[in-house]
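**Student:** Below is the file structure10.csv, which contains CSV, C-alpha atoms.
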```
chain,number,residue,atom,x,y,z
A,1,MET,CA,69.2,30.9,72.7
A,2,ALA,CA,72.3,30.4,74.8
A,3,ASP,CA,72.1,30.7,78.6
A,4,GLN,CA,73.3,33.7,80.5
A,5,SER,CA,76.6,32.2,81.6
A,6,THR,CA,77.6,31.3,78.0
A,7,GLU,CA,76.9,34.9,76.9
A,8,GLU,CA,78.0,37.0,79.8
A,9,GLY,CA,80.6,34.7,81.5
A,10,LEU,CA,84.3,34.4,81.1
A,11,ALA,CA,84.4,30.6,80.8
A,12,PHE,CA,85.4,29.5,77.4
A,13,ALA,CA,82.9,26.9,76.4
A,14,PRO,CA,83.1,26.5,72.6
A,15,GLN,CA,79.9,24.9,71.2
A,16,PHE,CA,81.0,22.3,68.7
A,17,GLY,CA,78.2,21.1,66.4
A,18,ALA,CA,76.9,17.5,66.0
A,19,ASP,CA,79.7,17.0,63.6
A,20,GLY,CA,82.3,18.0,66.2
A,21,LEU,CA,83.1,21.3,64.4
A,22,ILE,CA,82.9,25.0,65.0
A,23,THR,CA,82.8,27.7,62.3
A,24,ALA,CA,85.9,29.9,62.2
A,25,VAL,CA,85.8,33.3,60.3
A,26,VAL,CA,89.3,34.5,59.3
A,27,THR,CA,90.0,38.1,58.6
A,28,ASP,CA,93.1,39.9,57.6
A,29,ALA,CA,94.2,41.8,60.7
A,30,LYS,CA,95.3,44.8,58.6
A,31,SER,CA,92.6,45.2,55.9
A,32,GLY,CA,89.7,43.7,57.8
A,33,ASP,CA,88.8,41.7,54.7
A,34,VAL,CA,87.4,38.2,55.2
A,35,LEU,CA,90.0,35.8,53.9
A,36,MET,CA,88.2,32.5,54.4
A,37,VAL,CA,85.6,30.6,56.4
A,38,ALA,CA,86.9,27.3,57.8
A,39,HIS,CA,86.1,24.8,60.5
A,40,MET,CA,87.9,23.6,63.6
A,41,ASN,CA,87.5,20.5,65.7
A,42,LYS,CA,88.7,20.4,69.3
A,43,ASP,CA,92.3,19.5,68.4
A,44,ALA,CA,92.5,22.2,65.8
A,45,LEU,CA,91.3,24.8,68.3
A,46,ALA,CA,93.7,23.6,71.0
A,47,LYS,CA,96.7,23.7,68.6
A,48,THR,CA,95.7,27.2,67.4
A,49,ILE,CA,95.5,28.5,71.0
A,50,GLU,CA,98.8,26.8,72.0
A,51,SER,CA,100.8,27.8,68.9
A,52,GLY,CA,99.2,31.1,67.9
A,53,GLU,CA,99.1,29.7,64.3
A,54,ALA,CA,95.9,28.7,62.6
A,55,TRP,CA,95.0,25.0,62.5
A,56,TYR,CA,91.7,23.8,61.0
A,57,TYR,CA,89.8,20.6,60.3
A,58,SER,CA,89.3,19.8,56.6
A,59,ARG,CA,85.8,18.4,56.0
A,60,SER,CA,86.7,17.2,52.5
A,61,ARG,CA,90.0,15.5,53.6
A,62,LYS,CA,88.6,14.5,57.0
A,63,GLN,CA,91.8,15.5,58.8
A,64,LEU,CA,93.5,18.1,61.0
A,65,TRP,CA,95.3,20.6,58.9
A,66,LYS,CA,97.8,23.3,59.6
A,67,LYS,CA,97.1,26.3,57.4
A,68,GLY,CA,100.1,26.7,55.1
A,69,GLU,CA,101.6,23.3,55.7
A,70,SER,CA,101.7,22.7,51.9
A,71,SER,CA,101.9,26.2,50.6
A,72,GLY,CA,103.9,27.9,53.3
A,73,HIS,CA,101.1,30.5,53.6
A,74,VAL,CA,100.7,30.2,57.4
A,75,GLN,CA,98.5,32.4,59.4
A,76,ARG,CA,99.8,34.0,62.6
A,77,VAL,CA,96.8,34.7,64.8
A,78,ILE,CA,96.7,38.2,66.2
A,79,GLU,CA,93.5,37.8,68.0
A,80,LEU,CA,90.9,35.1,68.6
A,81,ARG,CA,87.4,36.0,69.6
A,82,VAL,CA,84.3,34.0,70.3
A,83,ASP,CA,80.7,35.1,69.7
A,84,CYS,CA,77.8,35.5,72.2
A,85,ASP,CA,76.5,31.9,72.1
A,86,GLN,CA,80.1,30.5,71.6
A,87,ASP,CA,79.3,28.6,68.4
A,88,ALA,CA,81.5,30.7,66.1
A,89,LEU,CA,85.1,32.0,66.2
A,90,TRP,CA,86.8,35.0,64.7
A,91,LEU,CA,90.5,34.9,63.9
A,92,LYS,CA,92.3,38.1,63.0
A,93,VAL,CA,95.4,36.9,61.3
A,94,GLU,CA,98.6,38.0,59.7
A,95,GLN,CA,98.5,36.1,56.4
A,96,HIS,CA,102.0,35.0,55.4
A,97,GLY,CA,102.7,34.5,51.7
A,98,ALA,CA,100.6,35.6,48.9
A,99,GLY,CA,97.2,34.5,49.9
A,100,ALA,CA,94.7,32.3,51.9
A,101,CYS,CA,92.7,30.8,49.1
A,102,HIS,CA,93.6,27.5,47.4
A,103,THR,CA,92.7,29.0,44.0
A,104,GLY,CA,95.7,31.3,44.3
A,105,ARG,CA,93.9,34.4,45.5
A,106,ARG,CA,94.3,36.6,48.6
A,107,SER,CA,90.8,35.9,49.8
A,108,CYS,CA,88.3,33.1,49.1
A,109,PHE,CA,85.7,35.8,48.6
A,110,TYR,CA,86.6,37.1,45.1
A,111,ARG,CA,83.1,37.2,43.6
A,112,ALA,CA,80.2,39.5,44.4
A,113,VAL,CA,76.5,38.8,44.0
A,114,PRO,CA,74.7,41.9,42.5
A,115,LEU,CA,72.0,43.2,44.8
A,116,ARG,CA,68.5,44.7,44.4
A,117,LYS,CA,67.9,42.6,41.3
A,118,SER,CA,65.4,39.8,40.7
A,119,GLY,CA,66.0,36.7,38.6
A,120,VAL,CA,69.1,34.6,38.2
A,121,ALA,CA,72.2,36.3,39.6
A,122,LYS,CA,75.4,36.5,37.6
A,123,LEU,CA,78.5,36.9,39.8
A,124,GLU,CA,81.1,39.7,39.3
A,125,PHE,CA,84.8,39.3,40.0
A,126,ARG,CA,86.2,41.5,42.7
A,127,ASP,CA,89.9,41.6,43.8
A,128,ALA,CA,90.2,38.3,41.9
A,129,GLY,CA,93.7,38.5,40.7
A,130,LYS,CA,95.8,35.4,41.4
A,131,ARG,CA,98.7,36.1,43.7
A,132,PHE,CA,100.4,32.7,43.4
A,133,ASP,CA,100.4,29.5,41.3
A,134,ALA,CA,98.1,27.2,43.2
A,135,ASP,CA,99.3,24.1,41.4
A,136,LYS,CA,102.9,24.8,42.4
A,137,ALA,CA,102.1,25.9,45.9
A,138,TYR,CA,100.1,22.7,46.6
A,139,GLY,CA,102.4,20.4,44.7
A,140,LYS,CA,99.8,19.4,42.2
A,141,LYS,CA,101.2,17.7,39.1
A,142,ALA,CA,100.0,19.1,35.8
B,1,MET,CA,86.8,20.2,46.7
B,2,ALA,CA,84.4,22.1,44.5
B,3,ASP,CA,84.6,21.7,40.7
B,4,GLN,CA,86.2,24.2,38.4
B,5,SER,CA,83.0,25.9,37.3
B,6,THR,CA,81.9,26.5,40.9
B,7,GLU,CA,85.2,28.2,41.7
B,8,GLU,CA,86.0,30.0,38.5
B,9,GLY,CA,82.6,30.6,36.9
B,10,LEU,CA,80.2,33.4,37.2
B,11,ALA,CA,77.1,31.3,37.8
B,12,PHE,CA,75.8,31.9,41.3
B,13,ALA,CA,75.2,28.4,42.7
B,14,PRO,CA,75.1,28.7,46.5
B,15,GLN,CA,75.7,25.4,48.2
B,16,PHE,CA,73.2,25.0,51.0
B,17,GLY,CA,74.0,22.3,53.6
B,18,ALA,CA,71.9,19.2,54.4
B,19,ASP,CA,69.9,21.4,56.7
B,20,GLY,CA,69.1,23.8,53.9
B,21,LEU,CA,71.3,26.6,55.3
B,22,ILE,CA,74.4,28.5,54.2
B,23,THR,CA,76.7,30.4,56.6
B,24,ALA,CA,76.7,34.2,56.3
B,25,VAL,CA,79.5,36.3,57.8
B,26,VAL,CA,78.5,39.8,58.5
B,27,THR,CA,81.1,42.6,58.7
B,28,ASP,CA,80.7,46.4,59.3
B,29,ALA,CA,81.4,48.0,56.0
B,30,LYS,CA,83.3,50.9,57.6
B,31,SER,CA,85.3,49.2,60.4
B,32,GLY,CA,85.8,45.8,58.9
B,33,ASP,CA,84.8,44.3,62.3
B,34,VAL,CA,82.9,41.0,62.2
B,35,LEU,CA,79.5,41.8,63.6
B,36,MET,CA,77.9,38.3,63.6
B,37,VAL,CA,77.8,34.9,61.9
B,38,ALA,CA,74.3,33.9,60.9
B,39,HIS,CA,72.6,31.5,58.5
B,40,MET,CA,70.4,31.9,55.4
B,41,ASN,CA,68.0,29.5,53.7
B,42,LYS,CA,67.0,30.0,50.1
B,43,ASP,CA,64.2,32.4,51.0
B,44,ALA,CA,66.4,34.5,53.2
B,45,LEU,CA,69.0,34.8,50.5
B,46,ALA,CA,66.5,35.7,47.8
B,47,LYS,CA,64.9,38.4,50.0
B,48,THR,CA,68.4,39.8,50.9
B,49,ILE,CA,69.3,40.0,47.2
B,50,GLU,CA,66.0,41.6,46.2
B,51,SER,CA,65.7,44.1,49.0
B,52,GLY,CA,69.4,44.9,49.8
B,53,GLU,CA,68.6,44.4,53.5
B,54,ALA,CA,69.7,41.4,55.4
B,55,TRP,CA,67.3,38.5,56.1
B,56,TYR,CA,68.4,35.3,57.9
B,57,TYR,CA,67.0,32.0,59.0
B,58,SER,CA,66.9,31.5,62.8
B,59,ARG,CA,67.9,28.0,63.7
B,60,SER,CA,66.5,28.4,67.3
B,61,ARG,CA,63.2,29.9,66.3
B,62,LYS,CA,63.0,27.9,63.0
B,63,GLN,CA,61.8,30.8,61.0
B,64,LEU,CA,62.8,33.4,58.4
B,65,TRP,CA,63.9,36.6,60.1
B,66,LYS,CA,64.5,40.1,58.9
B,67,LYS,CA,67.4,41.5,60.9
B,68,GLY,CA,66.1,44.5,62.8
B,69,GLU,CA,62.4,43.6,62.6
B,70,SER,CA,62.1,43.7,66.4
B,71,SER,CA,64.9,46.1,67.3
B,72,GLY,CA,64.9,48.4,64.3
B,73,HIS,CA,68.6,47.6,63.9
B,74,VAL,CA,68.4,46.7,60.2
B,75,GLN,CA,71.4,46.0,58.1
B,76,ARG,CA,71.7,47.6,54.7
B,77,VAL,CA,73.9,45.4,52.5
B,78,ILE,CA,76.7,47.3,50.8
B,79,GLU,CA,78.2,44.2,49.2
B,80,LEU,CA,77.5,40.5,49.1
B,81,ARG,CA,80.2,38.1,48.2
B,82,VAL,CA,80.4,34.3,47.9
B,83,ASP,CA,83.5,32.2,48.5
B,84,CYS,CA,85.4,29.8,46.2
B,85,ASP,CA,83.3,26.7,46.8
B,86,GLN,CA,80.1,28.8,47.2
B,87,ASP,CA,79.3,27.4,50.6
B,88,ALA,CA,79.7,30.7,52.6
B,89,LEU,CA,78.6,34.3,52.1
B,90,TRP,CA,80.1,37.5,53.2
B,91,LEU,CA,77.9,40.5,53.8
B,92,LYS,CA,79.4,44.0,54.2
B,93,VAL,CA,76.7,46.0,55.9
B,94,GLU,CA,75.8,49.4,57.1
B,95,GLN,CA,74.5,48.5,60.6
B,96,HIS,CA,71.6,50.8,61.6
B,97,GLY,CA,70.9,51.5,65.2
B,98,ALA,CA,73.3,50.7,68.0
B,99,GLY,CA,74.3,47.2,67.4
B,100,ALA,CA,74.0,43.8,65.8
B,101,CYS,CA,74.1,41.6,68.8
B,102,HIS,CA,71.0,40.5,70.8
B,103,THR,CA,73.0,41.1,74.0
B,104,GLY,CA,73.0,44.9,73.3
B,105,ARG,CA,76.5,45.1,71.9
B,106,ARG,CA,77.8,46.4,68.6
B,107,SER,CA,79.2,43.0,67.6
B,108,CYS,CA,78.6,39.4,68.8
B,109,PHE,CA,82.3,38.9,69.1
B,110,TYR,CA,83.0,40.8,72.4
B,111,ARG,CA,85.3,38.3,74.1
B,112,ALA,CA,88.8,37.2,73.2
B,113,VAL,CA,90.5,33.9,73.9
B,114,PRO,CA,94.1,34.3,75.2
B,115,LEU,CA,96.6,32.8,72.8
B,116,ARG,CA,99.9,30.9,73.3
B,117,LYS,CA,98.7,29.4,76.6
B,118,SER,CA,98.0,25.9,77.7
B,119,GLY,CA,95.3,24.8,80.1
B,120,VAL,CA,91.8,26.2,80.6
B,121,ALA,CA,91.2,29.4,78.8
B,122,LYS,CA,89.6,32.4,80.5
B,123,LEU,CA,88.0,34.9,78.2
B,124,GLU,CA,88.7,38.6,78.2
B,125,PHE,CA,86.1,41.2,77.3
B,126,ARG,CA,86.9,43.4,74.3
B,127,ASP,CA,84.7,46.2,73.0
B,128,ALA,CA,82.0,44.7,75.2
B,129,GLY,CA,80.2,47.9,76.2
B,130,LYS,CA,76.4,47.6,75.8
B,131,ARG,CA,75.1,50.1,73.2
B,132,PHE,CA,71.4,49.5,73.8
B,133,ASP,CA,68.9,47.9,76.2
B,134,ALA,CA,68.3,44.5,74.8
B,135,ASP,CA,65.2,43.8,76.8
B,136,LYS,CA,63.6,47.0,75.6
B,137,ALA,CA,64.8,46.6,72.0
B,138,TYR,CA,63.4,43.0,71.8
B,139,GLY,CA,60.3,43.8,73.8
B,140,LYS,CA,61.1,41.4,76.6
B,141,LYS,CA,59.1,41.9,79.7
B,142,ALA,CA,61.0,42.2,83.0
```
If you convert what's in this file into structure tokens, what do you get?
**Tutor:**
Amino acid sequence: MADQSTEEGLAFAPQFGADGLITAVVTDAKSGDVLMVAHMNKDALAKTIESGEAWYYSRSRKQLWKKGESSGHVQRVIELRVDCDQDALWLKVEQHGAGACHTGRRSCFYRAVPLRKSGVAKLEFRDAGKRFDADKAYGKKA
Amino acid sequence: MADQSTEEGLAFAPQFGADGLITAVVTDAKSGDVLMVAHMNKDALAKTIESGEAWYYSRSRKQLWKKGESSGHVQRVIELRVDCDQDALWLKVEQHGAGACHTGRRSCFYRAVPLRKSGVAKLEFRDAGKRFDADKAYGKKA
């Protein structure tokens, strides 16, 4: 449990994990859909606050990363919120370009898990249409 | 980067971290607001899928936890989605009772971080009204 000042105070004291990262949930400011879940280190958070555009830290590439730097699909941050114990962030964004997901889709969450069933779950596609050619957007050679 | 089958296939293969947990983003199915960010272990995920009500794993209490078991503020899961690399979940829920946050608020995200400013950030309350008496709901003695 976080202490009283972390929860009720107005001092921004983001709680980065042992890996130096904090979880960032990104929603579309218009539709409310969750577009992606990403991570920020201190630098990414500072750049996001200063610029009003979303920066993250890529765990796979181990580097600071401006969303849209390859694809042009930048995210303008409409509002940034922090949760009660200050270990998670919520970005409401205006998503530029066709989508947020590196697979070419609007959102990274394009598959549903059926509920109230036992046994092995088989996913179902939802809003899974590709909005852009990911290979082209990210400059991958065929 | 996840492999092709993880991203494009229909096999549900949730990627739990080294700590055995996966991040779960919880939104209000009606408003689209992010209510909370929590974590699930395998048991919590299995119970959520089977029952259609949200179960989590509490990192602070180190135990499986049915949302609302103390407060009555259970979450009926309307839809469960998984992201591209299957290391994050999105639950759209019908939040019963007054709120999701242990501080007595509807959402855990009741403070905003001002943008496009440099220097030390001072948070601003947003939708921060308390909906229920947290001490009563969680049985805390004064």
**Student:** Identify every residue of chain B that has at least one atom within 6 Å of any atom of chain A, counting all atoms listed in the file, and report the result as a PyMOL selection string.
**Tutor:** chain B and resi 10-12+32+49-52+80-84+108-109+111-113+115-118+121-123
**Student:** Rounded to one decimal place, report the atom CA of A:Gly104-atom CA of A:Lys66 distance in Å.
**Tutor:**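 Pair atom CA of A:Gly104 / atom CA of A:Lys66 returns 17.4 Å.
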**Student:** Would you compute the distance between atom CA of B:Lys67 and atom CA of B:Asp43? Give it in Å to one decimal.
**Tutor:**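 Straight-line distance from atom CA of B:Lys67 to atom CA of B:Asp43 works out to 13.8 Å.
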**Student:** So how many Å separate atom CA of B:Ser58 and atom CA of B:Arg131, to one decimal?
**Tutor:** 22.8 Å
**Student:** Quick one: residues within 10 Å of B:Val74, all atoms listed in the file counted, chain neighbours fewer than 5 positions away excluded, as an mmCIF file with C-alpha atoms, in the coordinates of the input?
**Tutor:**
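Dumped everything to part.cif:
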```
data_model
loop_
_atom_site.group_PDB
_atom_site.id
_atom_site.type_symbol
_atom_site.label_atom_id
_atom_site.label_comp_id
_atom_site.auth_asym_id
_atom_site.auth_seq_id
_atom_site.Cartn_x
_atom_site.Cartn_y
_atom_site.Cartn_z
ATOM 1 C CA GLU B 53 68.600 44.400 53.500
ATOM 2 C CA ALA B 54 69.700 41.400 55.400
ATOM 3 C CA TRP B 55 67.300 38.500 56.100
ATOM 4 C CA LYS B 66 64.500 40.100 58.900
ATOM 5 C CA LYS B 67 67.400 41.500 60.900
ATOM 6 C CA GLY B 68 66.100 44.500 62.800
ATOM 7 C CA GLU B 69 62.400 43.600 62.600
ATOM 8 C CA VAL B 93 76.700 46.000 55.900
ATOM 9 C CA GLU B 94 75.800 49.400 57.100
ATOM 10 C CA GLN B 95 74.500 48.500 60.600
ATOM 11 C CA HIS B 96 71.600 50.800 61.600
ATOM 12 C CA GLY B 97 70.900 51.500 65.200
ATOM 13 C CA GLY B 99 74.300 47.200 67.400
ATOM 14 C CA ALA B 100 74.000 43.800 65.800
#
```
**Student:** Could you rebuild stretch 97-116 of chain A with N, CA, C and O atoms and give it back as a PDB file, in the frame of the given file?
**Tutor:**
```pdb
ATOM      1  N   GLY A  97     102.812  34.875  53.125  1.00  0.00           N
ATOM      2  CA  GLY A  97     102.700  34.500  51.700  1.00  0.00           C
ATOM      3  C   GLY A  97     101.700  35.245  50.978  1.00  0.00           C
ATOM      4  O   GLY A  97     101.174  36.242  51.465  1.00  0.00           O
ATOM      5  N   ALA A  98     101.386  34.770  49.804  1.00  0.00           N
ATOM      6  CA  ALA A  98     100.600  35.600  48.900  1.00  0.00           C
ATOM      7  C   ALA A  98      99.094  35.554  49.170  1.00  0.00           C
ATOM      8  O   ALA A  98      98.385  36.505  48.865  1.00  0.00           O
ATOM      9  N   GLY A  99      98.600  34.481  49.730  1.00  0.00           N
ATOM     10  CA  GLY A  99      97.200  34.500  49.900  1.00  0.00           C
ATOM     11  C   GLY A  99      96.646  33.284  50.703  1.00  0.00           C
ATOM     12  O   GLY A  99      97.384  32.356  51.024  1.00  0.00           O
ATOM     13  N   ALA A 100      95.351  33.365  51.028  1.00  0.00           N
ATOM     14  CA  ALA A 100      94.700  32.300  51.900  1.00  0.00           C
ATOM     15  C   ALA A 100      93.951  31.319  51.042  1.00  0.00           C
ATOM     16  O   ALA A 100      93.685  30.224  51.522  1.00  0.00           O
ATOM     17  N   CYS A 101      93.591  31.657  49.815  1.00  0.00           N
ATOM     18  CA  CYS A 101      92.700  30.800  49.100  1.00  0.00           C
ATOM     19  C   CYS A 101      93.454  29.763  48.221  1.00  0.00           C
ATOM     20  O   CYS A 101      94.460  30.101  47.596  1.00  0.00           O
ATOM     21  N   HIS A 102      92.926  28.548  48.188  1.00  0.00           N
ATOM     22  CA  HIS A 102      93.600  27.500  47.400  1.00  0.00           C
ATOM     23  C   HIS A 102      93.554  27.716  45.931  1.00  0.00           C
ATOM     24  O   HIS A 102      94.236  27.026  45.183  1.00  0.00           O
ATOM     25  N   THR A 103      92.753  28.711  45.488  1.00  0.00           N
ATOM     26  CA  THR A 103      92.700  29.000  44.000  1.00  0.00           C
ATOM     27  C   THR A 103      93.844  29.976  43.654  1.00  0.00           C
ATOM     28  O   THR A 103      93.980  30.320  42.479  1.00  0.00           O
ATOM     29  N   GLY A 104      94.614  30.436  44.648  1.00  0.00           N
ATOM     30  CA  GLY A 104      95.700  31.300  44.300  1.00  0.00           C
ATOM     31  C   GLY A 104      95.431  32.789  44.639  1.00  0.00           C
ATOM     32  O   GLY A 104      96.237  33.661  44.318  1.00  0.00           O
ATOM     33  N   ARG A 105      94.290  33.037  45.262  1.00  0.00           N
ATOM     34  CA  ARG A 105      93.900  34.400  45.500  1.00  0.00           C
ATOM     35  C   ARG A 105      94.123  34.795  46.988  1.00  0.00           C
ATOM     36  O   ARG A 105      94.232  33.941  47.846  1.00  0.00           O
ATOM     37  N   ARG A 106      94.144  36.096  47.228  1.00  0.00           N
ATOM     38  CA  ARG A 106      94.300  36.600  48.600  1.00  0.00           C
ATOM     39  C   ARG A 106      93.221  36.094  49.511  1.00  0.00           C
ATOM     40  O   ARG A 106      93.472  35.601  50.602  1.00  0.00           O
ATOM     41  N   SER A 107      91.984  36.252  49.067  1.00  0.00           N
ATOM     42  CA  SER A 107      90.800  35.900  49.800  1.00  0.00           C
ATOM     43  C   SER A 107      89.979  34.858  49.047  1.00  0.00           C
ATOM     44  O   SER A 107      89.983  34.874  47.811  1.00  0.00           O
ATOM     45  N   CYS A 108      89.237  34.021  49.758  1.00  0.00           N
ATOM     46  CA  CYS A 108      88.300  33.100  49.100  1.00  0.00           C
ATOM     47  C   CYS A 108      87.088  33.844  48.522  1.00  0.00           C
ATOM     48  O   CYS A 108      86.360  33.300  47.694  1.00  0.00           O
ATOM     49  N   PHE A 109      86.872  35.073  48.982  1.00  0.00           N
ATOM     50  CA  PHE A 109      85.700  35.800  48.600  1.00  0.00           C
ATOM     51  C   PHE A 109      85.982  36.780  47.454  1.00  0.00           C
ATOM     52  O   PHE A 109      86.071  37.990  47.674  1.00  0.00           O
ATOM     53  N   TYR A 110      86.173  36.255  46.256  1.00  0.00           N
ATOM     54  CA  TYR A 110      86.600  37.100  45.100  1.00  0.00           C
ATOM     55  C   TYR A 110      85.512  37.286  44.084  1.00  0.00           C
ATOM     56  O   TYR A 110      85.779  37.729  42.979  1.00  0.00           O
ATOM     57  N   ARG A 111      84.261  36.992  44.484  1.00  0.00           N
ATOM     58  CA  ARG A 111      83.100  37.200  43.600  1.00  0.00           C
ATOM     59  C   ARG A 111      81.972  37.862  44.344  1.00  0.00           C
ATOM     60  O   ARG A 111      81.656  37.431  45.465  1.00  0.00           O
ATOM     61  N   ALA A 112      81.342  38.855  43.730  1.00  0.00           N
ATOM     62  CA  ALA A 112      80.200  39.500  44.400  1.00  0.00           C
ATOM     63  C   ALA A 112      78.909  39.133  43.673  1.00  0.00           C
ATOM     64  O   ALA A 112      78.872  38.840  42.475  1.00  0.00           O
ATOM     65  N   VAL A 113      77.845  39.125  44.476  1.00  0.00           N
ATOM     66  CA  VAL A 113      76.500  38.800  44.000  1.00  0.00           C
ATOM     67  C   VAL A 113      75.785  40.199  43.839  1.00  0.00           C
ATOM     68  O   VAL A 113      75.662  40.921  44.825  1.00  0.00           O
ATOM     69  N   PRO A 114      75.348  40.569  42.634  1.00  0.00           N
ATOM     70  CA  PRO A 114      74.700  41.900  42.500  1.00  0.00           C
ATOM     71  C   PRO A 114      73.394  41.906  43.330  1.00  0.00           C
ATOM     72  O   PRO A 114      72.679  40.913  43.456  1.00  0.00           O
ATOM     73  N   LEU A 115      73.142  43.086  43.900  1.00  0.00           N
ATOM     74  CA  LEU A 115      72.000  43.200  44.800  1.00  0.00           C
ATOM     75  C   LEU A 115      70.867  44.008  44.149  1.00  0.00           C
ATOM     76  O   LEU A 115      71.052  44.663  43.136  1.00  0.00           O
ATOM     77  N   ARG A 116      69.721  43.949  44.805  1.00  0.00           N
ATOM     78  CA  ARG A 116      68.500  44.700  44.400  1.00  0.00           C
ATOM     79  C   ARG A 116      68.148  44.335  42.946  1.00  0.00           C
ATOM     80  O   ARG A 116      67.799  45.203  42.144  1.00  0.00           O
TER      81      ARG A 116
END
```
